[in-house]
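Containing compact mmCIF, N, CA and C atoms: target08.txt.
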# COMPACT_ATOMS: atom_id res chain seq x y z
N MET A 1 6.40 -0.35 -29.68
CA MET A 1 5.10 -0.31 -29.04
C MET A 1 5.16 0.47 -27.73
N ALA A 2 6.19 0.23 -26.93
CA ALA A 2 6.31 0.89 -25.63
C ALA A 2 6.41 2.41 -25.79
N VAL A 3 7.10 2.87 -26.82
CA VAL A 3 7.26 4.31 -27.05
C VAL A 3 5.91 4.94 -27.39
N THR A 4 5.12 4.26 -28.21
CA THR A 4 3.80 4.76 -28.58
C THR A 4 2.90 4.85 -27.35
N LEU A 5 2.90 3.80 -26.53
CA LEU A 5 2.07 3.80 -25.32
C LEU A 5 2.50 4.91 -24.37
N PHE A 6 3.81 5.09 -24.24
CA PHE A 6 4.31 6.13 -23.36
C PHE A 6 3.89 7.51 -23.86
N ALA A 7 3.95 7.72 -25.16
CA ALA A 7 3.56 9.01 -25.74
C ALA A 7 2.08 9.28 -25.50
N MET A 8 1.26 8.26 -25.66
CA MET A 8 -0.18 8.43 -25.43
C MET A 8 -0.46 8.71 -23.95
N ALA A 9 0.24 8.03 -23.08
CA ALA A 9 0.06 8.25 -21.64
C ALA A 9 0.49 9.66 -21.27
N SER A 10 1.48 10.19 -21.94
CA SER A 10 1.95 11.55 -21.66
C SER A 10 0.86 12.58 -21.92
N LEU A 11 0.00 12.30 -22.88
CA LEU A 11 -1.13 13.20 -23.15
C LEU A 11 -2.03 13.30 -21.93
N ALA A 12 -2.32 12.17 -21.31
CA ALA A 12 -3.17 12.17 -20.13
C ALA A 12 -2.48 12.86 -18.97
N GLU A 13 -1.18 12.71 -18.86
CA GLU A 13 -0.42 13.31 -17.76
C GLU A 13 -0.47 14.82 -17.79
N THR A 14 -0.57 15.41 -18.97
CA THR A 14 -0.58 16.86 -19.07
C THR A 14 -1.85 17.46 -18.48
N ARG A 15 -2.87 16.67 -18.33
CA ARG A 15 -4.15 17.15 -17.79
C ARG A 15 -4.17 17.19 -16.28
N ASP A 16 -3.39 16.36 -15.63
CA ASP A 16 -3.45 16.23 -14.18
C ASP A 16 -2.05 15.89 -13.68
N SER A 17 -1.51 16.69 -12.80
CA SER A 17 -0.13 16.49 -12.36
C SER A 17 0.07 15.17 -11.62
N ASP A 18 -0.97 14.61 -11.03
CA ASP A 18 -0.83 13.35 -10.30
C ASP A 18 -0.94 12.13 -11.21
N THR A 19 -1.43 12.32 -12.42
CA THR A 19 -1.67 11.19 -13.32
C THR A 19 -0.41 10.40 -13.62
N GLY A 20 0.71 11.07 -13.85
CA GLY A 20 1.96 10.38 -14.15
C GLY A 20 2.37 9.45 -13.04
N ASN A 21 2.35 9.93 -11.82
CA ASN A 21 2.69 9.07 -10.68
C ASN A 21 1.67 7.96 -10.51
N HIS A 22 0.42 8.26 -10.76
CA HIS A 22 -0.64 7.26 -10.65
C HIS A 22 -0.41 6.13 -11.65
N ILE A 23 -0.07 6.48 -12.87
CA ILE A 23 0.18 5.48 -13.90
C ILE A 23 1.34 4.57 -13.49
N LEU A 24 2.41 5.16 -12.97
CA LEU A 24 3.55 4.34 -12.53
C LEU A 24 3.16 3.41 -11.38
N ARG A 25 2.38 3.93 -10.42
CA ARG A 25 1.94 3.08 -9.31
C ARG A 25 1.09 1.92 -9.80
N VAL A 26 0.16 2.21 -10.72
CA VAL A 26 -0.72 1.15 -11.23
C VAL A 26 0.08 0.15 -12.06
N GLN A 27 1.04 0.62 -12.84
CA GLN A 27 1.89 -0.30 -13.61
C GLN A 27 2.57 -1.31 -12.69
N HIS A 28 3.17 -0.82 -11.63
CA HIS A 28 3.90 -1.71 -10.72
C HIS A 28 2.95 -2.61 -9.95
N TYR A 29 1.77 -2.09 -9.62
CA TYR A 29 0.76 -2.91 -8.95
C TYR A 29 0.31 -4.06 -9.85
N VAL A 30 0.04 -3.76 -11.12
CA VAL A 30 -0.39 -4.78 -12.08
C VAL A 30 0.68 -5.85 -12.26
N ARG A 31 1.93 -5.42 -12.38
CA ARG A 31 3.01 -6.39 -12.55
C ARG A 31 3.14 -7.29 -11.31
N THR A 32 3.09 -6.69 -10.13
CA THR A 32 3.19 -7.46 -8.88
C THR A 32 2.03 -8.44 -8.76
N LEU A 33 0.84 -7.98 -9.05
CA LEU A 33 -0.35 -8.84 -8.98
C LEU A 33 -0.24 -10.00 -9.97
N ALA A 34 0.18 -9.70 -11.20
CA ALA A 34 0.31 -10.74 -12.22
C ALA A 34 1.38 -11.76 -11.83
N GLN A 35 2.49 -11.29 -11.28
CA GLN A 35 3.55 -12.22 -10.87
C GLN A 35 3.07 -13.13 -9.74
N ARG A 36 2.27 -12.61 -8.84
CA ARG A 36 1.74 -13.45 -7.75
C ARG A 36 0.70 -14.44 -8.28
N LEU A 37 -0.15 -13.97 -9.19
CA LEU A 37 -1.16 -14.86 -9.77
C LEU A 37 -0.54 -15.96 -10.62
N LYS A 38 0.63 -15.69 -11.15
CA LYS A 38 1.34 -16.66 -11.98
C LYS A 38 1.60 -17.96 -11.21
N ALA A 39 1.71 -17.87 -9.89
CA ALA A 39 1.94 -19.06 -9.05
C ALA A 39 0.69 -19.91 -8.90
N HIS A 40 -0.46 -19.36 -9.24
CA HIS A 40 -1.73 -20.10 -9.14
C HIS A 40 -1.89 -20.97 -10.39
N PRO A 41 -2.22 -22.24 -10.23
CA PRO A 41 -2.35 -23.14 -11.38
C PRO A 41 -3.33 -22.65 -12.45
N ARG A 42 -4.35 -21.95 -12.03
CA ARG A 42 -5.36 -21.48 -12.99
C ARG A 42 -4.80 -20.45 -13.97
N PHE A 43 -3.79 -19.68 -13.55
CA PHE A 43 -3.27 -18.59 -14.36
C PHE A 43 -1.85 -18.83 -14.88
N ALA A 44 -1.21 -19.87 -14.41
CA ALA A 44 0.21 -20.11 -14.72
C ALA A 44 0.49 -20.18 -16.23
N ALA A 45 -0.39 -20.81 -16.98
CA ALA A 45 -0.15 -20.98 -18.42
C ALA A 45 -0.26 -19.67 -19.19
N VAL A 46 -1.09 -18.76 -18.72
CA VAL A 46 -1.33 -17.50 -19.43
C VAL A 46 -0.33 -16.42 -19.01
N LEU A 47 -0.03 -16.36 -17.73
CA LEU A 47 0.81 -15.28 -17.22
C LEU A 47 2.30 -15.59 -17.36
N THR A 48 2.74 -15.60 -18.59
CA THR A 48 4.17 -15.78 -18.88
C THR A 48 4.87 -14.44 -18.64
N GLU A 49 6.19 -14.44 -18.57
CA GLU A 49 6.92 -13.19 -18.38
C GLU A 49 6.66 -12.23 -19.55
N SER A 50 6.53 -12.77 -20.74
CA SER A 50 6.25 -11.94 -21.91
C SER A 50 4.87 -11.28 -21.79
N TYR A 51 3.88 -12.04 -21.37
CA TYR A 51 2.52 -11.51 -21.21
C TYR A 51 2.48 -10.45 -20.10
N ILE A 52 3.18 -10.72 -19.01
CA ILE A 52 3.23 -9.76 -17.90
C ILE A 52 3.89 -8.46 -18.37
N SER A 53 4.90 -8.56 -19.20
CA SER A 53 5.56 -7.39 -19.75
C SER A 53 4.59 -6.56 -20.60
N VAL A 54 3.80 -7.23 -21.42
CA VAL A 54 2.80 -6.53 -22.24
C VAL A 54 1.75 -5.86 -21.35
N LEU A 55 1.31 -6.55 -20.31
CA LEU A 55 0.37 -5.94 -19.37
C LEU A 55 0.96 -4.67 -18.77
N PHE A 56 2.19 -4.77 -18.31
CA PHE A 56 2.89 -3.63 -17.69
C PHE A 56 2.95 -2.44 -18.66
N GLN A 57 3.30 -2.71 -19.89
CA GLN A 57 3.43 -1.64 -20.89
C GLN A 57 2.08 -1.08 -21.31
N SER A 58 1.01 -1.86 -21.16
CA SER A 58 -0.32 -1.43 -21.60
C SER A 58 -1.09 -0.65 -20.56
N VAL A 59 -0.67 -0.70 -19.33
CA VAL A 59 -1.39 -0.03 -18.24
C VAL A 59 -1.71 1.44 -18.53
N PRO A 60 -0.80 2.22 -19.10
CA PRO A 60 -1.13 3.63 -19.34
C PRO A 60 -2.37 3.85 -20.21
N LEU A 61 -2.74 2.86 -21.00
CA LEU A 61 -3.90 3.02 -21.88
C LEU A 61 -5.23 3.07 -21.13
N TYR A 62 -5.28 2.52 -19.93
CA TYR A 62 -6.56 2.47 -19.24
C TYR A 62 -7.07 3.88 -18.90
N ASP A 63 -6.22 4.85 -18.82
CA ASP A 63 -6.61 6.21 -18.46
C ASP A 63 -6.82 7.10 -19.69
N MET A 64 -6.74 6.55 -20.89
CA MET A 64 -6.85 7.34 -22.11
C MET A 64 -8.21 8.02 -22.25
N GLY A 65 -9.24 7.46 -21.67
CA GLY A 65 -10.57 8.04 -21.77
C GLY A 65 -10.66 9.43 -21.17
N THR A 66 -9.75 9.75 -20.26
CA THR A 66 -9.81 11.07 -19.62
C THR A 66 -9.41 12.19 -20.57
N ILE A 67 -8.77 11.86 -21.69
CA ILE A 67 -8.35 12.89 -22.63
C ILE A 67 -9.55 13.64 -23.20
N GLY A 68 -10.65 12.95 -23.42
CA GLY A 68 -11.83 13.57 -24.01
C GLY A 68 -12.74 14.27 -23.02
N ILE A 69 -12.43 14.22 -21.74
CA ILE A 69 -13.27 14.85 -20.72
C ILE A 69 -12.80 16.29 -20.50
N PRO A 70 -13.72 17.24 -20.61
CA PRO A 70 -13.33 18.65 -20.42
C PRO A 70 -12.72 18.88 -19.04
N ASP A 71 -11.75 19.80 -18.96
CA ASP A 71 -11.08 20.11 -17.69
C ASP A 71 -12.07 20.55 -16.62
N ARG A 72 -13.11 21.28 -16.99
CA ARG A 72 -14.08 21.76 -16.00
C ARG A 72 -14.76 20.61 -15.27
N ILE A 73 -14.79 19.44 -15.90
CA ILE A 73 -15.36 18.25 -15.26
C ILE A 73 -14.25 17.42 -14.61
N LEU A 74 -13.21 17.15 -15.36
CA LEU A 74 -12.13 16.29 -14.88
C LEU A 74 -11.45 16.86 -13.64
N LEU A 75 -11.24 18.16 -13.61
CA LEU A 75 -10.50 18.79 -12.51
C LEU A 75 -11.40 19.51 -11.51
N LYS A 76 -12.70 19.26 -11.57
CA LYS A 76 -13.65 19.90 -10.65
C LYS A 76 -13.34 19.44 -9.23
N PRO A 77 -13.13 20.39 -8.31
CA PRO A 77 -12.73 20.02 -6.94
C PRO A 77 -13.87 19.43 -6.10
N SER A 78 -15.10 19.74 -6.46
CA SER A 78 -16.23 19.24 -5.68
C SER A 78 -16.97 18.15 -6.46
N ARG A 79 -18.00 17.62 -5.84
CA ARG A 79 -18.78 16.56 -6.49
C ARG A 79 -19.45 17.07 -7.76
N LEU A 80 -19.65 16.18 -8.69
CA LEU A 80 -20.40 16.53 -9.89
C LEU A 80 -21.87 16.61 -9.52
N THR A 81 -22.59 17.52 -10.13
CA THR A 81 -24.02 17.67 -9.86
C THR A 81 -24.78 17.54 -11.17
N ARG A 82 -26.05 17.21 -11.04
CA ARG A 82 -26.87 17.13 -12.25
C ARG A 82 -27.13 18.53 -12.77
N ARG A 83 -27.12 18.61 -14.05
CA ARG A 83 -27.40 19.88 -14.70
C ARG A 83 -28.91 19.99 -14.86
N SER A 84 -29.47 21.11 -14.54
CA SER A 84 -30.90 21.29 -14.66
C SER A 84 -31.29 21.26 -16.13
N SER A 85 -32.38 20.59 -16.45
CA SER A 85 -32.84 20.52 -17.85
C SER A 85 -33.39 21.87 -18.31
N ARG A 86 -33.60 22.81 -17.37
CA ARG A 86 -34.14 24.14 -17.71
C ARG A 86 -33.04 25.14 -17.98
N SER A 87 -31.77 24.75 -17.81
CA SER A 87 -30.66 25.72 -17.99
C SER A 87 -30.45 26.06 -19.42

As structure tokens:
Amino acid sequence: MAVTLFAMASLAETRDSDTGNHILRVQHYVRTLAQRLKAHPRFAAVLTESYISVLFQSVPLYDMGTIGIPDRILLKPSRLTRRSSRS
């Protein structure tokens, strides 16, 4: 499973040079947050080490939606603007 997720995340990384580092930062943030929440009685039963591991491995999937966005939009340096309906 981890290899498949990594391969899919690599697709997103090819679109933006910062994406790879971003994914790693978010992975570690999610794991740290989950480990801290695990100490809270409300989440202790759900946030097992196994579950936290799955969360960590799944993080790259959250950015998969960017694969379908054209580069002219995804990598646009300025704000997006409305397209005129008369164009």

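Restricting the calculation to only C-alpha atoms, the smallest distance between A:Thr32 and any of A:Val46, A:Ile67, A:Leu61, A:Leu55 is found for A:Leu55.
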
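For the atom pair formed by atom CA of A:Tyr29 and atom N of A:Thr66, the distance is 20.0 Å, given to one decimal.
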
Problem - Separation of atom C of A:Arg36 from atom CA of A:Gln57 in Å - result: 18.2 Å

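Among A:Arg79, A:Arg72, A:Val30, A:Gln35, the residue with the shortest atom-to-atom distance to A:Phe56, counting only N, CA and C atoms, is A:Val30.
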
Problem - Within 12 Å of file point (6.6, -3.0, -14.5), counting only C-alpha atoms, expressed as a ChimeraX atom specification - result: /A:2,23-35,49-60

How would the residues just picked look written out with N, CA and C atoms as a PDB file, keeping the file's coordinate frame?
ATOM      1  N   ALA A   2       6.190   0.230 -26.930  1.00  0.00           N
ATOM      2  CA  ALA A   2       6.310   0.890 -25.630  1.00  0.00           C
ATOM      3  C   ALA A   2       6.410   2.410 -25.790  1.00  0.00           C
ATOM      4  N   ILE A  23      -0.070   6.480 -12.870  1.00  0.00           N
ATOM      5  CA  ILE A  23       0.180   5.480 -13.900  1.00  0.00           C
ATOM      6  C   ILE A  23       1.340   4.570 -13.490  1.00  0.00           C
ATOM      7  N   LEU A  24       2.410   5.160 -12.970  1.00  0.00           N
ATOM      8  CA  LEU A  24       3.550   4.340 -12.530  1.00  0.00           C
ATOM      9  C   LEU A  24       3.160   3.410 -11.380  1.00  0.00           C
ATOM     10  N   ARG A  25       2.380   3.930 -10.420  1.00  0.00           N
ATOM     11  CA  ARG A  25       1.940   3.080  -9.310  1.00  0.00           C
ATOM     12  C   ARG A  25       1.090   1.920  -9.800  1.00  0.00           C
ATOM     13  N   VAL A  26       0.160   2.210 -10.720  1.00  0.00           N
ATOM     14  CA  VAL A  26      -0.720   1.150 -11.230  1.00  0.00           C
ATOM     15  C   VAL A  26       0.080   0.150 -12.060  1.00  0.00           C
ATOM     16  N   GLN A  27       1.040   0.620 -12.840  1.00  0.00           N
ATOM     17  CA  GLN A  27       1.890  -0.300 -13.610  1.00  0.00           C
ATOM     18  C   GLN A  27       2.570  -1.310 -12.690  1.00  0.00           C
ATOM     19  N   HIS A  28       3.170  -0.820 -11.630  1.00  0.00           N
ATOM     20  CA  HIS A  28       3.900  -1.710 -10.720  1.00  0.00           C
ATOM     21  C   HIS A  28       2.950  -2.610  -9.950  1.00  0.00           C
ATOM     22  N   TYR A  29       1.770  -2.090  -9.620  1.00  0.00           N
ATOM     23  CA  TYR A  29       0.760  -2.910  -8.950  1.00  0.00           C
ATOM     24  C   TYR A  29       0.310  -4.060  -9.850  1.00  0.00           C
ATOM     25  N   VAL A  30       0.040  -3.760 -11.120  1.00  0.00           N
ATOM     26  CA  VAL A  30      -0.390  -4.780 -12.080  1.00  0.00           C
ATOM     27  C   VAL A  30       0.680  -5.850 -12.260  1.00  0.00           C
ATOM     28  N   ARG A  31       1.930  -5.420 -12.380  1.00  0.00           N
ATOM     29  CA  ARG A  31       3.010  -6.390 -12.550  1.00  0.00           C
ATOM     30  C   ARG A  31       3.140  -7.290 -11.310  1.00  0.00           C
ATOM     31  N   THR A  32       3.090  -6.690 -10.130  1.00  0.00           N
ATOM     32  CA  THR A  32       3.190  -7.460  -8.880  1.00  0.00           C
ATOM     33  C   THR A  32       2.030  -8.440  -8.760  1.00  0.00           C
ATOM     34  N   LEU A  33       0.840  -7.980  -9.050  1.00  0.00           N
ATOM     35  CA  LEU A  33      -0.350  -8.840  -8.980  1.00  0.00           C
ATOM     36  C   LEU A  33      -0.240 -10.000  -9.970  1.00  0.00           C
ATOM     37  N   ALA A  34       0.180  -9.700 -11.200  1.00  0.00           N
ATOM     38  CA  ALA A  34       0.310 -10.740 -12.220  1.00  0.00           C
ATOM     39  C   ALA A  34       1.380 -11.760 -11.830  1.00  0.00           C
ATOM     40  N   GLN A  35       2.490 -11.290 -11.280  1.00  0.00           N
ATOM     41  CA  GLN A  35       3.550 -12.220 -10.870  1.00  0.00           C
ATOM     42  C   GLN A  35       3.070 -13.130  -9.740  1.00  0.00           C
ATOM     43  N   GLU A  49       6.190 -14.440 -18.570  1.00  0.00           N
ATOM     44  CA  GLU A  49       6.920 -13.190 -18.380  1.00  0.00           C
ATOM     45  C   GLU A  49       6.660 -12.230 -19.550  1.00  0.00           C
ATOM     46  N   SER A  50       6.530 -12.770 -20.740  1.00  0.00           N
ATOM     47  CA  SER A  50       6.250 -11.940 -21.910  1.00  0.00           C
ATOM     48  C   SER A  50       4.870 -11.280 -21.790  1.00  0.00           C
ATOM     49  N   TYR A  51       3.880 -12.040 -21.370  1.00  0.00           N
ATOM     50  CA  TYR A  51       2.520 -11.510 -21.210  1.00  0.00           C
ATOM     51  C   TYR A  51       2.480 -10.450 -20.100  1.00  0.00           C
ATOM     52  N   ILE A  52       3.180 -10.720 -19.010  1.00  0.00           N
ATOM     53  CA  ILE A  52       3.230  -9.760 -17.900  1.00  0.00           C
ATOM     54  C   ILE A  52       3.890  -8.460 -18.370  1.00  0.00           C
ATOM     55  N   SER A  53       4.900  -8.560 -19.200  1.00  0.00           N
ATOM     56  CA  SER A  53       5.560  -7.390 -19.750  1.00  0.00           C
ATOM     57  C   SER A  53       4.590  -6.560 -20.600  1.00  0.00           C
ATOM     58  N   VAL A  54       3.800  -7.230 -21.420  1.00  0.00           N
ATOM     59  CA  VAL A  54       2.800  -6.530 -22.240  1.00  0.00           C
ATOM     60  C   VAL A  54       1.750  -5.860 -21.350  1.00  0.00           C
ATOM     61  N   LEU A  55       1.310  -6.550 -20.310  1.00  0.00           N
ATOM     62  CA  LEU A  55       0.370  -5.940 -19.370  1.00  0.00           C
ATOM     63  C   LEU A  55       0.960  -4.670 -18.770  1.00  0.00           C
ATOM     64  N   PHE A  56       2.190  -4.770 -18.310  1.00  0.00           N
ATOM     65  CA  PHE A  56       2.890  -3.630 -17.690  1.00  0.00           C
ATOM     66  C   PHE A  56       2.950  -2.440 -18.660  1.00  0.00           C
ATOM     67  N   GLN A  57       3.300  -2.710 -19.890  1.00  0.00           N
ATOM     68  CA  GLN A  57       3.430  -1.640 -20.890  1.00  0.00           C
ATOM     69  C   GLN A  57       2.080  -1.080 -21.310  1.00  0.00           C
ATOM     70  N   SER A  58       1.010  -1.860 -21.160  1.00  0.00           N
ATOM     71  CA  SER A  58      -0.320  -1.430 -21.600  1.00  0.00           C
ATOM     72  C   SER A  58      -1.090  -0.650 -20.560  1.00  0.00           C
ATOM     73  N   VAL A  59      -0.670  -0.700 -19.330  1.00  0.00           N
ATOM     74  CA  VAL A  59      -1.390  -0.030 -18.240  1.00  0.00           C
ATOM     75  C   VAL A  59      -1.710   1.440 -18.530  1.00  0.00           C
ATOM     76  N   PRO A  60      -0.800   2.220 -19.100  1.00  0.00           N
ATOM     77  CA  PRO A  60      -1.130   3.630 -19.340  1.00  0.00           C
ATOM     78  C   PRO A  60      -2.370   3.850 -20.210  1.00  0.00           C
TER      79      PRO A  60
END

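The interatomic distance for the pair atom CA of A:Thr48 and atom CA of A:Thr4 works out to 22.7 Å.
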
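Secondary structure of stretch 37-79 of chain A, helix (DSSP H, G or I) only (DSSP, backbone atoms): Leu37, Glu49, Ser50, Tyr51, Ile52, Ser53, Val54, Leu55, Phe56, Gln57, Ser58, Val59, Pro60, Leu61, Tyr62, Asp63, Met64, Gly65, Thr66, Ile67, Gly68, Asp71, Arg72, Ile73 and Leu74 of chain A.
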
How would stretch 39-54 of chain A read, as a CSV table (one decimal), in the frame of the given file, once N, CA, C and O atoms are built in?
chain,number,residue,atom,x,y,z
A,39,ALA,N,1.7,-17.9,-9.9
A,39,ALA,CA,1.9,-19.1,-9.0
A,39,ALA,C,0.7,-19.9,-8.9
A,39,ALA,O,0.8,-21.1,-8.5
A,40,HIS,N,-0.5,-19.4,-9.2
A,40,HIS,CA,-1.7,-20.1,-9.1
A,40,HIS,C,-1.9,-21.0,-10.4
A,40,HIS,O,-1.7,-20.5,-11.5
A,41,PRO,N,-2.2,-22.2,-10.2
A,41,PRO,CA,-2.4,-23.1,-11.4
A,41,PRO,C,-3.3,-22.6,-12.4
A,41,PRO,O,-3.1,-22.9,-13.6
A,42,ARG,N,-4.4,-22.0,-12.0
A,42,ARG,CA,-5.4,-21.5,-13.0
A,42,ARG,C,-4.8,-20.4,-14.0
A,42,ARG,O,-5.3,-20.3,-15.1
A,43,PHE,N,-3.8,-19.7,-13.6
A,43,PHE,CA,-3.3,-18.6,-14.4
A,43,PHE,C,-1.8,-18.8,-14.9
A,43,PHE,O,-1.3,-18.1,-15.7
A,44,ALA,N,-1.2,-19.9,-14.4
A,44,ALA,CA,0.2,-20.1,-14.7
A,44,ALA,C,0.5,-20.2,-16.2
A,44,ALA,O,1.5,-19.7,-16.7
A,45,ALA,N,-0.4,-20.8,-17.0
A,45,ALA,CA,-0.2,-21.0,-18.4
A,45,ALA,C,-0.3,-19.7,-19.2
A,45,ALA,O,0.4,-19.5,-20.2
A,46,VAL,N,-1.1,-18.8,-18.7
A,46,VAL,CA,-1.3,-17.5,-19.4
A,46,VAL,C,-0.3,-16.4,-19.0
A,46,VAL,O,0.2,-15.7,-19.8
A,47,LEU,N,0.0,-16.4,-17.7
A,47,LEU,CA,0.8,-15.3,-17.2
A,47,LEU,C,2.3,-15.6,-17.4
A,47,LEU,O,3.0,-15.8,-16.4
A,48,THR,N,2.7,-15.6,-18.6
A,48,THR,CA,4.2,-15.8,-18.9
A,48,THR,C,4.9,-14.4,-18.6
A,48,THR,O,4.2,-13.4,-18.5
A,49,GLU,N,6.2,-14.4,-18.6
A,49,GLU,CA,6.9,-13.2,-18.4
A,49,GLU,C,6.7,-12.2,-19.6
A,49,GLU,O,6.5,-11.0,-19.3
A,50,SER,N,6.5,-12.8,-20.7
A,50,SER,CA,6.2,-11.9,-21.9
A,50,SER,C,4.9,-11.3,-21.8
A,50,SER,O,4.7,-10.1,-22.1
A,51,TYR,N,3.9,-12.0,-21.4
A,51,TYR,CA,2.5,-11.5,-21.2
A,51,TYR,C,2.5,-10.4,-20.1
A,51,TYR,O,1.8,-9.4,-20.3
A,52,ILE,N,3.2,-10.7,-19.0
A,52,ILE,CA,3.2,-9.8,-17.9
A,52,ILE,C,3.9,-8.5,-18.4
A,52,ILE,O,3.5,-7.4,-18.0
A,53,SER,N,4.9,-8.6,-19.2
A,53,SER,CA,5.6,-7.4,-19.8
A,53,SER,C,4.6,-6.6,-20.6
A,53,SER,O,4.6,-5.3,-20.5
A,54,VAL,N,3.8,-7.2,-21.4
A,54,VAL,CA,2.8,-6.5,-22.2
A,54,VAL,C,1.8,-5.9,-21.4
A,54,VAL,O,1.4,-4.7,-21.6
